[in-house]
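Have a look at the structure below, then the notes.
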Amino acid sequence: MIDIFNDYVLQREELLARIAQELQLNKTRIEKMESAYNAVSEVLKKDEDFFDGLVIEIYAQGSKRIETTVKPINDEDFDLDTVLHIYDPFYNHSPQEIYNALVKALEKGGYGEIMEKKIRCVRLNYKGDFHMDILPACMPDAIEKELIKIPEKVLTNWSSGNPKGFAKWFLDIANSAQESLLSRYSDVLIKAQVETEPLPEELYEKTPLQRAVQLMKRYRDIYFKNRDHRVSSIVITTLAAQFYDGENSIFESIDQIVSRIRNGYDDAIKSGYKFKVHNPVNLDEDFTDSWTDKHYESFYNFMSDFQKKWQKLKETFDFSKNDYIELFGEGIYKKSLTEQMVCFSKSTGDALTKSSSLIAGGAAFTDAKGRINQTHGIKNEPHHSFGGKY
């Protein structure tokens, strides 16, 4: 039986997976969002003023599509980005016509009170849970069914997009890795655990790149909590995939990705040009085209700070505890670590770890001689004070 607590590298990897799993949106919330945009789709299909006769599809883009969702901090709503894909060539319509038709159909369909008009999309606010941005889009021609044309910000012209293509590009890279460290040991890890709630199927199977993006975005959210010029998720996701080189662990993926980003940035500065992040499936689109010097400075400082903290995770938990907390939040770290200890408590030969696991899991007793055990004495109350508000 494997003793995960005698292998820091494996324990760290398993813990990182647990943290990322804890951070992502749960199945219930995902199903609620899918239900929401499917309901909108049905309303639009019944619209007799404009959408009647048109073939349409509403689908998620961004983190939902590539399975790298991260819960917002501070009780903020999750931002669900969707595309209203109209399978009709863009030259048959103007951006303003499409936008106005979407607004009108939603108002008639009973969404008026939660609808908010944005610059080129329409937002539906499901208060206290998530908001859904619906971006209208058409086909670039009568044949192409993946590329889209989307309204410019002033709704006077069209620009190009390819959210399905971006998702395929990212997932192809993510799935290009050989067997991951956790996947290799998944059977052994599962057998080593005590009887607990069934583990999420993807805990050990989600790719290191997907987990890396989740954890990088988490620290982004913490780092920019009180700072301006926040780095966008699309920039983090694109850079992570571009600089990923098939590493088979979450830790090594992030370690190498961040180092390569820093080197790429430094090389750009030395060569006298701006560090640019282009859409890999539409090279005419520059994700950094609106960046000012402040944005670049903020990006560099964020990456430098992240790299510094990440390097400290190469130490044991005794030395790196505060860095885990600063990277992911105290509550998330302590909850994930405690659950890991409880799950593997029976497979460890370390008495202190076993005792701590029993207490955390609410299965510990202290006998007359002060010895912690599972059967007799005074029952210890489980400790669930994980601290922090993250």
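Following the order of the structure tokens, chains are lettered A, B, ..., residues in each are numbered from 1, and ligands are numbered from 1.
Surrounding segment 272-280 of chain A within 10 Å are Gly161, Asn162, Gly165, Phe166, Trp169, Phe170, Ile234, Val235, Ile236, Thr238, Leu239, Ala241, Gln242, Ile261, Gly264, Tyr265, Asp266, Asp286, Phe287, Thr288, Asp289, Trp291, Asp293 and Tyr296 of chain A, with only C-alpha atoms counted and residues fewer than 6 positions along the same chain left out.
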Dump N, CA and C atoms for the selected residues as a JSON list (two decimals), in the first residue's frame?
```json
[["chain", "number", "residue", "atom", "x", "y", "z"],
["A", 161, "GLY", "N", -13.94, 35.66, -35.45],
["A", 161, "GLY", "CA", -13.75, 34.90, -34.21],
["A", 161, "GLY", "C", -13.76, 33.41, -34.49],
["A", 162, "ASN", "N", -13.28, 32.63, -33.52],
["A", 162, "ASN", "CA", -13.25, 31.18, -33.70],
["A", 162, "ASN", "C", -13.16, 30.49, -32.33],
["A", 165, "GLY", "N", -12.60, 26.77, -32.48],
["A", 165, "GLY", "CA", -11.23, 26.47, -32.92],
["A", 165, "GLY", "C", -10.22, 26.67, -31.81],
["A", 166, "PHE", "N", -10.43, 27.72, -31.00],
["A", 166, "PHE", "CA", -9.51, 27.97, -29.88],
["A", 166, "PHE", "C", -9.60, 26.83, -28.88],
["A", 169, "TRP", "N", -7.80, 23.85, -30.24],
["A", 169, "TRP", "CA", -6.35, 24.09, -30.17],
["A", 169, "TRP", "C", -5.83, 23.82, -28.77],
["A", 170, "PHE", "N", -6.51, 24.37, -27.77],
["A", 170, "PHE", "CA", -6.07, 24.21, -26.39],
["A", 170, "PHE", "C", -6.15, 22.75, -25.94],
["A", 234, "ILE", "N", -7.92, 34.91, -20.90],
["A", 234, "ILE", "CA", -7.54, 34.46, -22.23],
["A", 234, "ILE", "C", -6.03, 34.58, -22.44],
["A", 235, "VAL", "N", -5.41, 35.59, -21.84],
["A", 235, "VAL", "CA", -3.96, 35.74, -21.94],
["A", 235, "VAL", "C", -3.27, 34.62, -21.18],
["A", 236, "ILE", "N", -3.71, 34.35, -19.96],
["A", 236, "ILE", "CA", -3.11, 33.28, -19.15],
["A", 236, "ILE", "C", -3.28, 31.93, -19.84],
["A", 238, "THR", "N", -3.85, 31.23, -23.06],
["A", 238, "THR", "CA", -3.09, 31.14, -24.31],
["A", 238, "THR", "C", -1.61, 30.93, -24.04],
["A", 239, "LEU", "N", -1.04, 31.72, -23.14],
["A", 239, "LEU", "CA", 0.38, 31.58, -22.83],
["A", 239, "LEU", "C", 0.69, 30.22, -22.22],
["A", 241, "ALA", "N", -0.79, 27.37, -22.72],
["A", 241, "ALA", "CA", -0.80, 26.34, -23.77],
["A", 241, "ALA", "C", 0.39, 26.50, -24.72],
["A", 242, "GLN", "N", 0.73, 27.73, -25.05],
["A", 242, "GLN", "CA", 1.85, 27.96, -25.97],
["A", 242, "GLN", "C", 3.18, 27.52, -25.38],
["A", 261, "ILE", "N", 7.60, 31.78, -19.92],
["A", 261, "ILE", "CA", 6.95, 33.08, -20.14],
["A", 261, "ILE", "C", 7.90, 34.20, -19.74],
["A", 264, "GLY", "N", 10.60, 34.50, -22.31],
["A", 264, "GLY", "CA", 10.08, 35.09, -23.53],
["A", 264, "GLY", "C", 9.88, 36.59, -23.40],
["A", 265, "TYR", "N", 9.40, 37.00, -22.24],
["A", 265, "TYR", "CA", 9.20, 38.43, -21.98],
["A", 265, "TYR", "C", 10.54, 39.15, -21.96],
["A", 266, "ASP", "N", 11.52, 38.57, -21.26],
["A", 266, "ASP", "CA", 12.85, 39.19, -21.17],
["A", 266, "ASP", "C", 13.51, 39.28, -22.55],
["A", 286, "ASP", "N", -4.89, 40.36, -31.61],
["A", 286, "ASP", "CA", -3.85, 40.54, -30.60],
["A", 286, "ASP", "C", -4.52, 40.77, -29.25],
["A", 287, "PHE", "N", -4.35, 39.82, -28.34],
["A", 287, "PHE", "CA", -4.98, 39.93, -27.03],
["A", 287, "PHE", "C", -4.36, 41.04, -26.18],
["A", 288, "THR", "N", -3.21, 41.55, -26.60],
["A", 288, "THR", "CA", -2.53, 42.60, -25.84],
["A", 288, "THR", "C", -2.55, 43.95, -26.57],
["A", 289, "ASP", "N", -3.41, 44.08, -27.56],
["A", 289, "ASP", "CA", -3.38, 45.30, -28.38],
["A", 289, "ASP", "C", -3.77, 46.56, -27.60],
["A", 291, "TRP", "N", -2.98, 47.00, -24.35],
["A", 291, "TRP", "CA", -2.12, 47.11, -23.17],
["A", 291, "TRP", "C", -1.31, 48.41, -23.19],
["A", 293, "ASP", "N", 1.73, 50.71, -20.91],
["A", 293, "ASP", "CA", 2.94, 50.38, -20.15],
["A", 293, "ASP", "C", 2.60, 49.85, -18.77],
["A", 296, "TYR", "N", 1.75, 46.15, -19.01],
["A", 296, "TYR", "CA", 2.96, 45.34, -19.14],
["A", 296, "TYR", "C", 3.69, 45.22, -17.80]]
```
**Message:** To test your reading of the structure, identify every residue in segment 41-239 of chain A that backbone DSSP assigns to helix (DSSP H, G or I), and report it as JSON, numbers by chain.
**Reply:** {"A": [41, 42, 43, 44, 45, 63, 64, 65, 66, 90, 91, 92, 95, 96, 97, 98, 99, 100, 101, 102, 103, 104, 105, 106, 107, 108, 112, 113, 114, 163, 164, 165, 166, 167, 168, 169, 170, 171, 172, 173, 174, 181, 182, 183, 184, 186, 187, 188, 189, 190, 191, 192, 208, 209, 210, 211, 212, 213, 214, 215, 216, 217, 218, 219, 220, 221, 222, 223, 233, 234, 235, 236, 237, 238, 239]}
Backbone-only DSSP, strand (DSSP E) members of segment 70-227 of chain A, as an mmCIF file with C-alpha atoms, in the first residue's frame:
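Now in part25.cif:
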```cif
data_model
loop_
_atom_site.group_PDB
_atom_site.id
_atom_site.type_symbol
_atom_site.label_atom_id
_atom_site.label_comp_id
_atom_site.auth_asym_id
_atom_site.auth_seq_id
_atom_site.Cartn_x
_atom_site.Cartn_y
_atom_site.Cartn_z
ATOM 1 C CA PHE A 78 -19.176 33.666 -12.345
ATOM 2 C CA ASP A 79 -18.831 35.094 -15.844
ATOM 3 C CA LEU A 80 -20.313 32.632 -18.352
ATOM 4 C CA ASP A 81 -19.412 33.574 -21.923
ATOM 5 C CA THR A 82 -21.686 32.169 -24.616
ATOM 6 C CA VAL A 83 -22.049 32.564 -28.365
ATOM 7 C CA LEU A 84 -25.343 32.860 -30.197
ATOM 8 C CA HIS A 85 -24.223 31.215 -33.438
ATOM 9 C CA ILE A 86 -26.597 32.107 -36.281
ATOM 10 C CA TYR A 87 -26.013 29.781 -39.217
ATOM 11 C CA ASP A 88 -26.549 32.457 -41.833
ATOM 12 C CA PRO A 89 -23.856 34.523 -43.633
ATOM 13 C CA MET A 115 -31.127 41.761 -18.991
ATOM 14 C CA GLU A 116 -28.304 44.268 -19.282
ATOM 15 C CA LYS A 117 -27.188 45.763 -22.601
ATOM 16 C CA VAL A 122 -26.298 41.068 -23.976
ATOM 17 C CA ARG A 123 -25.884 40.056 -20.330
ATOM 18 C CA LEU A 124 -28.380 38.116 -18.255
ATOM 19 C CA ASN A 125 -27.802 38.527 -14.526
ATOM 20 C CA TYR A 126 -28.674 35.513 -12.397
ATOM 21 C CA PHE A 130 -23.576 33.838 -12.404
ATOM 22 C CA HIS A 131 -24.134 36.202 -15.292
ATOM 23 C CA MET A 132 -24.327 35.035 -18.869
ATOM 24 C CA ASP A 133 -22.953 37.137 -21.716
ATOM 25 C CA ILE A 134 -24.541 36.294 -25.063
ATOM 26 C CA LEU A 135 -22.427 37.337 -28.043
ATOM 27 C CA PRO A 136 -24.340 37.244 -31.354
ATOM 28 C CA ALA A 137 -22.417 35.797 -34.302
ATOM 29 C CA CYS A 138 -22.971 34.826 -37.923
ATOM 30 C CA MET A 139 -21.201 32.655 -40.491
ATOM 31 C CA ILE A 148 -17.760 33.228 -36.934
ATOM 32 C CA LYS A 149 -18.246 36.913 -37.558
ATOM 33 C CA ILE A 150 -18.985 38.969 -34.439
ATOM 34 C CA PRO A 151 -19.997 42.626 -34.024
ATOM 35 C CA TRP A 158 -17.902 42.766 -38.180
ATOM 36 C CA SER A 159 -14.730 41.118 -36.910
ATOM 37 C CA SER A 160 -13.619 37.481 -36.978
ATOM 38 C CA GLY A 161 -13.750 34.901 -34.214
#
```
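Residues in contact range of Thr237 of chain A, defined as at most 10 Å between only C-alpha atoms, with sequence neighbours fewer than 3 positions away removed, read A:Gly62, A:Ser63, A:Ile66, A:Thr68, A:Phe170, A:Leu209, A:Gln210, A:Ala212, A:Val213, A:Gln214, A:Met216, A:Lys217, A:Ser232, A:Ser233, A:Ile234, A:Ala240, A:Ala241, A:Gln242.
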Just write the chosen residues, N, CA, C and O atoms, as a PDB file, in the first residue's frame.
```pdb
ATOM      1  N   GLY A  62     -14.755  29.942 -23.792  1.00  0.00           N
ATOM      2  CA  GLY A  62     -13.901  30.248 -22.651  1.00  0.00           C
ATOM      3  C   GLY A  62     -13.696  29.059 -21.727  1.00  0.00           C
ATOM      4  O   GLY A  62     -13.672  27.903 -22.146  1.00  0.00           O
ATOM      5  N   SER A  63     -13.565  29.344 -20.419  1.00  0.00           N
ATOM      6  CA  SER A  63     -13.180  28.321 -19.442  1.00  0.00           C
ATOM      7  C   SER A  63     -14.194  27.188 -19.325  1.00  0.00           C
ATOM      8  O   SER A  63     -13.822  26.046 -19.058  1.00  0.00           O
ATOM      9  N   ILE A  66     -13.369  24.674 -22.168  1.00  0.00           N
ATOM     10  CA  ILE A  66     -12.118  23.915 -22.069  1.00  0.00           C
ATOM     11  C   ILE A  66     -11.918  23.337 -20.663  1.00  0.00           C
ATOM     12  O   ILE A  66     -10.855  22.812 -20.345  1.00  0.00           O
ATOM     13  N   THR A  68     -11.695  24.689 -17.539  1.00  0.00           N
ATOM     14  CA  THR A  68     -10.714  25.311 -16.640  1.00  0.00           C
ATOM     15  C   THR A  68     -11.387  26.356 -15.760  1.00  0.00           C
ATOM     16  O   THR A  68     -10.800  27.382 -15.432  1.00  0.00           O
ATOM     17  N   PHE A 170      -6.511  24.369 -27.767  1.00  0.00           N
ATOM     18  CA  PHE A 170      -6.069  24.208 -26.386  1.00  0.00           C
ATOM     19  C   PHE A 170      -6.153  22.748 -25.944  1.00  0.00           C
ATOM     20  O   PHE A 170      -5.198  22.198 -25.374  1.00  0.00           O
ATOM     21  N   LEU A 209      -2.151  20.436 -17.925  1.00  0.00           N
ATOM     22  CA  LEU A 209      -2.307  21.791 -18.461  1.00  0.00           C
ATOM     23  C   LEU A 209      -3.608  22.422 -17.993  1.00  0.00           C
ATOM     24  O   LEU A 209      -3.637  23.606 -17.629  1.00  0.00           O
ATOM     25  N   GLN A 210      -4.691  21.672 -17.984  1.00  0.00           N
ATOM     26  CA  GLN A 210      -5.960  22.222 -17.494  1.00  0.00           C
ATOM     27  C   GLN A 210      -5.843  22.628 -16.029  1.00  0.00           C
ATOM     28  O   GLN A 210      -6.308  23.701 -15.632  1.00  0.00           O
ATOM     29  N   ALA A 212      -3.077  23.381 -14.476  1.00  0.00           N
ATOM     30  CA  ALA A 212      -2.143  24.507 -14.400  1.00  0.00           C
ATOM     31  C   ALA A 212      -2.865  25.825 -14.643  1.00  0.00           C
ATOM     32  O   ALA A 212      -2.658  26.816 -13.928  1.00  0.00           O
ATOM     33  N   VAL A 213      -3.730  25.858 -15.645  1.00  0.00           N
ATOM     34  CA  VAL A 213      -4.475  27.081 -15.953  1.00  0.00           C
ATOM     35  C   VAL A 213      -5.386  27.448 -14.789  1.00  0.00           C
ATOM     36  O   VAL A 213      -5.480  28.626 -14.403  1.00  0.00           O
ATOM     37  N   GLN A 214      -6.050  26.479 -14.197  1.00  0.00           N
ATOM     38  CA  GLN A 214      -6.924  26.758 -13.047  1.00  0.00           C
ATOM     39  C   GLN A 214      -6.144  27.392 -11.898  1.00  0.00           C
ATOM     40  O   GLN A 214      -6.581  28.387 -11.314  1.00  0.00           O
ATOM     41  N   MET A 216      -3.163  28.896 -11.962  1.00  0.00           N
ATOM     42  CA  MET A 216      -2.611  30.206 -12.331  1.00  0.00           C
ATOM     43  C   MET A 216      -3.692  31.285 -12.253  1.00  0.00           C
ATOM     44  O   MET A 216      -3.448  32.394 -11.784  1.00  0.00           O
ATOM     45  N   LYS A 217      -4.889  30.958 -12.708  1.00  0.00           N
ATOM     46  CA  LYS A 217      -5.984  31.927 -12.645  1.00  0.00           C
ATOM     47  C   LYS A 217      -6.395  32.209 -11.207  1.00  0.00           C
ATOM     48  O   LYS A 217      -6.786  33.331 -10.874  1.00  0.00           O
ATOM     49  N   SER A 232      -5.988  39.145 -18.090  1.00  0.00           N
ATOM     50  CA  SER A 232      -7.201  38.427 -18.474  1.00  0.00           C
ATOM     51  C   SER A 232      -6.968  36.918 -18.531  1.00  0.00           C
ATOM     52  O   SER A 232      -5.847  36.435 -18.716  1.00  0.00           O
ATOM     53  N   SER A 233      -8.050  36.181 -18.405  1.00  0.00           N
ATOM     54  CA  SER A 233      -7.980  34.722 -18.463  1.00  0.00           C
ATOM     55  C   SER A 233      -7.519  34.229 -19.823  1.00  0.00           C
ATOM     56  O   SER A 233      -6.791  33.237 -19.917  1.00  0.00           O
ATOM     57  N   ILE A 234      -7.924  34.910 -20.898  1.00  0.00           N
ATOM     58  CA  ILE A 234      -7.540  34.461 -22.233  1.00  0.00           C
ATOM     59  C   ILE A 234      -6.035  34.581 -22.441  1.00  0.00           C
ATOM     60  O   ILE A 234      -5.426  33.741 -23.108  1.00  0.00           O
ATOM     61  N   ALA A 240      -0.178  29.749 -21.337  1.00  0.00           N
ATOM     62  CA  ALA A 240       0.054  28.448 -20.710  1.00  0.00           C
ATOM     63  C   ALA A 240       0.124  27.348 -21.761  1.00  0.00           C
ATOM     64  O   ALA A 240       1.005  26.473 -21.713  1.00  0.00           O
ATOM     65  N   ALA A 241      -0.790  27.374 -22.718  1.00  0.00           N
ATOM     66  CA  ALA A 241      -0.800  26.345 -23.766  1.00  0.00           C
ATOM     67  C   ALA A 241       0.390  26.499 -24.717  1.00  0.00           C
ATOM     68  O   ALA A 241       0.997  25.505 -25.131  1.00  0.00           O
ATOM     69  N   GLN A 242       0.729  27.729 -25.053  1.00  0.00           N
ATOM     70  CA  GLN A 242       1.846  27.963 -25.968  1.00  0.00           C
ATOM     71  C   GLN A 242       3.182  27.516 -25.379  1.00  0.00           C
ATOM     72  O   GLN A 242       4.059  27.026 -26.105  1.00  0.00           O
TER      73      GLN A 242
END
```
Contacts of Ser253 of chain A within 9 Å, only C-alpha atoms, excl. fewer than 5 positions in-chain, as a compact mmCIF listing (two decimals) with all heavy atoms, in the first residue's frame:
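Printed below is out-v9.txt as written:
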```
# COMPACT_ATOMS: atom_id res chain seq x y z
N PRO A 208 -2.63 17.86 -16.83
CA PRO A 208 -1.81 18.82 -16.10
C PRO A 208 -1.97 20.26 -16.61
O PRO A 208 -1.95 21.19 -15.82
CB PRO A 208 -0.38 18.31 -16.33
CG PRO A 208 -0.54 16.85 -16.51
CD PRO A 208 -1.82 16.70 -17.28
N LEU A 209 -2.15 20.44 -17.93
CA LEU A 209 -2.31 21.79 -18.46
C LEU A 209 -3.61 22.42 -17.99
O LEU A 209 -3.64 23.61 -17.63
CB LEU A 209 -2.26 21.77 -19.99
CG LEU A 209 -2.45 23.13 -20.68
CD1 LEU A 209 -1.40 24.14 -20.21
CD2 LEU A 209 -2.41 22.98 -22.20
N ALA A 212 -3.08 23.38 -14.48
CA ALA A 212 -2.14 24.51 -14.40
C ALA A 212 -2.86 25.83 -14.64
O ALA A 212 -2.66 26.82 -13.93
CB ALA A 212 -1.01 24.32 -15.41
N ALA A 240 -0.18 29.75 -21.34
CA ALA A 240 0.05 28.45 -20.71
C ALA A 240 0.12 27.35 -21.76
O ALA A 240 1.00 26.47 -21.71
CB ALA A 240 -1.04 28.16 -19.69
N TYR A 244 3.51 25.26 -22.89
CA TYR A 244 3.45 23.90 -22.34
C TYR A 244 4.18 22.95 -23.28
O TYR A 244 4.05 23.03 -24.49
CB TYR A 244 1.99 23.48 -22.19
CG TYR A 244 1.79 22.05 -21.71
CD1 TYR A 244 2.11 21.69 -20.41
CD2 TYR A 244 1.28 21.08 -22.58
CE1 TYR A 244 1.91 20.38 -19.97
CE2 TYR A 244 1.07 19.78 -22.14
CZ TYR A 244 1.40 19.43 -20.85
OH TYR A 244 1.21 18.15 -20.42
N ASP A 245 4.96 22.04 -22.70
CA ASP A 245 5.77 21.15 -23.53
C ASP A 245 5.61 19.69 -23.10
O ASP A 245 6.59 18.94 -23.04
CB ASP A 245 7.25 21.56 -23.46
CG ASP A 245 8.10 20.89 -24.53
OD1 ASP A 245 7.54 20.54 -25.60
OD2 ASP A 245 9.31 20.71 -24.32
N GLY A 246 4.38 19.32 -22.80
CA GLY A 246 4.10 17.93 -22.51
C GLY A 246 4.49 17.44 -21.14
O GLY A 246 4.56 16.22 -20.91
N GLU A 247 4.76 18.34 -20.20
CA GLU A 247 5.10 17.91 -18.84
C GLU A 247 3.97 17.05 -18.27
O GLU A 247 2.80 17.35 -18.50
CB GLU A 247 5.34 19.12 -17.93
CG GLU A 247 6.64 19.88 -18.19
CD GLU A 247 6.57 20.81 -19.39
OE1 GLU A 247 5.44 21.07 -19.87
OE2 GLU A 247 7.62 21.29 -19.85
N ASN A 248 4.33 16.02 -17.50
CA ASN A 248 3.30 15.07 -17.05
C ASN A 248 2.81 15.31 -15.63
O ASN A 248 2.07 14.50 -15.08
CB ASN A 248 3.81 13.63 -17.18
CG ASN A 248 4.83 13.28 -16.11
OD1 ASN A 248 5.42 14.17 -15.49
ND2 ASN A 248 5.05 11.99 -15.91
N VAL A 258 5.79 29.07 -16.45
CA VAL A 258 6.09 30.40 -15.91
C VAL A 258 7.52 30.81 -16.25
O VAL A 258 7.78 31.96 -16.61
CB VAL A 258 5.86 30.43 -14.38
CG1 VAL A 258 6.29 31.75 -13.79
CG2 VAL A 258 4.39 30.17 -14.07
```
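Residues with any atom within 8 Å of Arg120 of chain A, counting only C-alpha atoms and excluding same-chain neighbours fewer than 3 positions away, are Tyr99, Leu135, Pro151, Glu152, Lys153, Val154 and Leu155 of chain A.
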Same residues, N, CA and C atoms, saved as a PDB file, in the first residue's frame:
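out07.pdb was written with the following content:
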```pdb
ATOM      1  N   TYR A  99     -28.078  42.526 -33.087  1.00  0.00           N
ATOM      2  CA  TYR A  99     -28.072  42.902 -31.667  1.00  0.00           C
ATOM      3  C   TYR A  99     -29.475  43.310 -31.213  1.00  0.00           C
ATOM      4  N   LEU A 135     -23.049  36.623 -26.929  1.00  0.00           N
ATOM      5  CA  LEU A 135     -22.427  37.337 -28.043  1.00  0.00           C
ATOM      6  C   LEU A 135     -23.029  36.838 -29.350  1.00  0.00           C
ATOM      7  N   PRO A 151     -19.926  41.168 -33.916  1.00  0.00           N
ATOM      8  CA  PRO A 151     -19.997  42.626 -34.024  1.00  0.00           C
ATOM      9  C   PRO A 151     -18.768  43.309 -33.422  1.00  0.00           C
ATOM     10  N   GLU A 152     -18.314  44.369 -34.087  1.00  0.00           N
ATOM     11  CA  GLU A 152     -17.307  45.238 -33.485  1.00  0.00           C
ATOM     12  C   GLU A 152     -17.967  45.959 -32.306  1.00  0.00           C
ATOM     13  N   LYS A 153     -17.148  46.608 -31.492  1.00  0.00           N
ATOM     14  CA  LYS A 153     -17.676  47.222 -30.270  1.00  0.00           C
ATOM     15  C   LYS A 153     -18.689  48.328 -30.527  1.00  0.00           C
ATOM     16  N   VAL A 154     -18.579  48.991 -31.673  1.00  0.00           N
ATOM     17  CA  VAL A 154     -19.523  50.079 -31.953  1.00  0.00           C
ATOM     18  C   VAL A 154     -20.694  49.604 -32.806  1.00  0.00           C
ATOM     19  N   LEU A 155     -20.765  48.296 -33.078  1.00  0.00           N
ATOM     20  CA  LEU A 155     -21.864  47.686 -33.819  1.00  0.00           C
ATOM     21  C   LEU A 155     -22.030  48.234 -35.235  1.00  0.00           C
TER      22      LEU A 155
END
```
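Of the residues listed (A:Leu102, A:Lys32, A:Leu25, A:Phe90), A:Leu25 shows the shortest atom-to-atom separation from Pro72 of chain A; distances use only C-alpha atoms.
Residues within 8 Å of segment 46-50 of chain A, counting only C-alpha atoms and excluding same-chain residues fewer than 4 positions away, are Glu42, Ala101 and Ala105 of chain A.
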**Request:** Tell me, as a list in words, which residues lie within 7 Å of segment 7-15 of chain A, counting only C-alpha atoms; anything in the same chain fewer than 5 positions away does not count.
**Result:** Leu182, Ile250, Phe251, Thr316, Ser336, Leu337 and Gln340 of chain A
**Fill in**
Here atom CA of Leu313 of chain A and atom CA of Arg262 of chain A stand apart by 18.4 Å
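Between atom CA of Tyr37 of chain A and atom CA of Tyr59 of chain A the separation is 7.5 Å.
Closest approach to Arg211 of chain A among A:Ile56, A:Ile173, A:Lys27, A:Ser249: A:Ser249, based on only C-alpha atoms.
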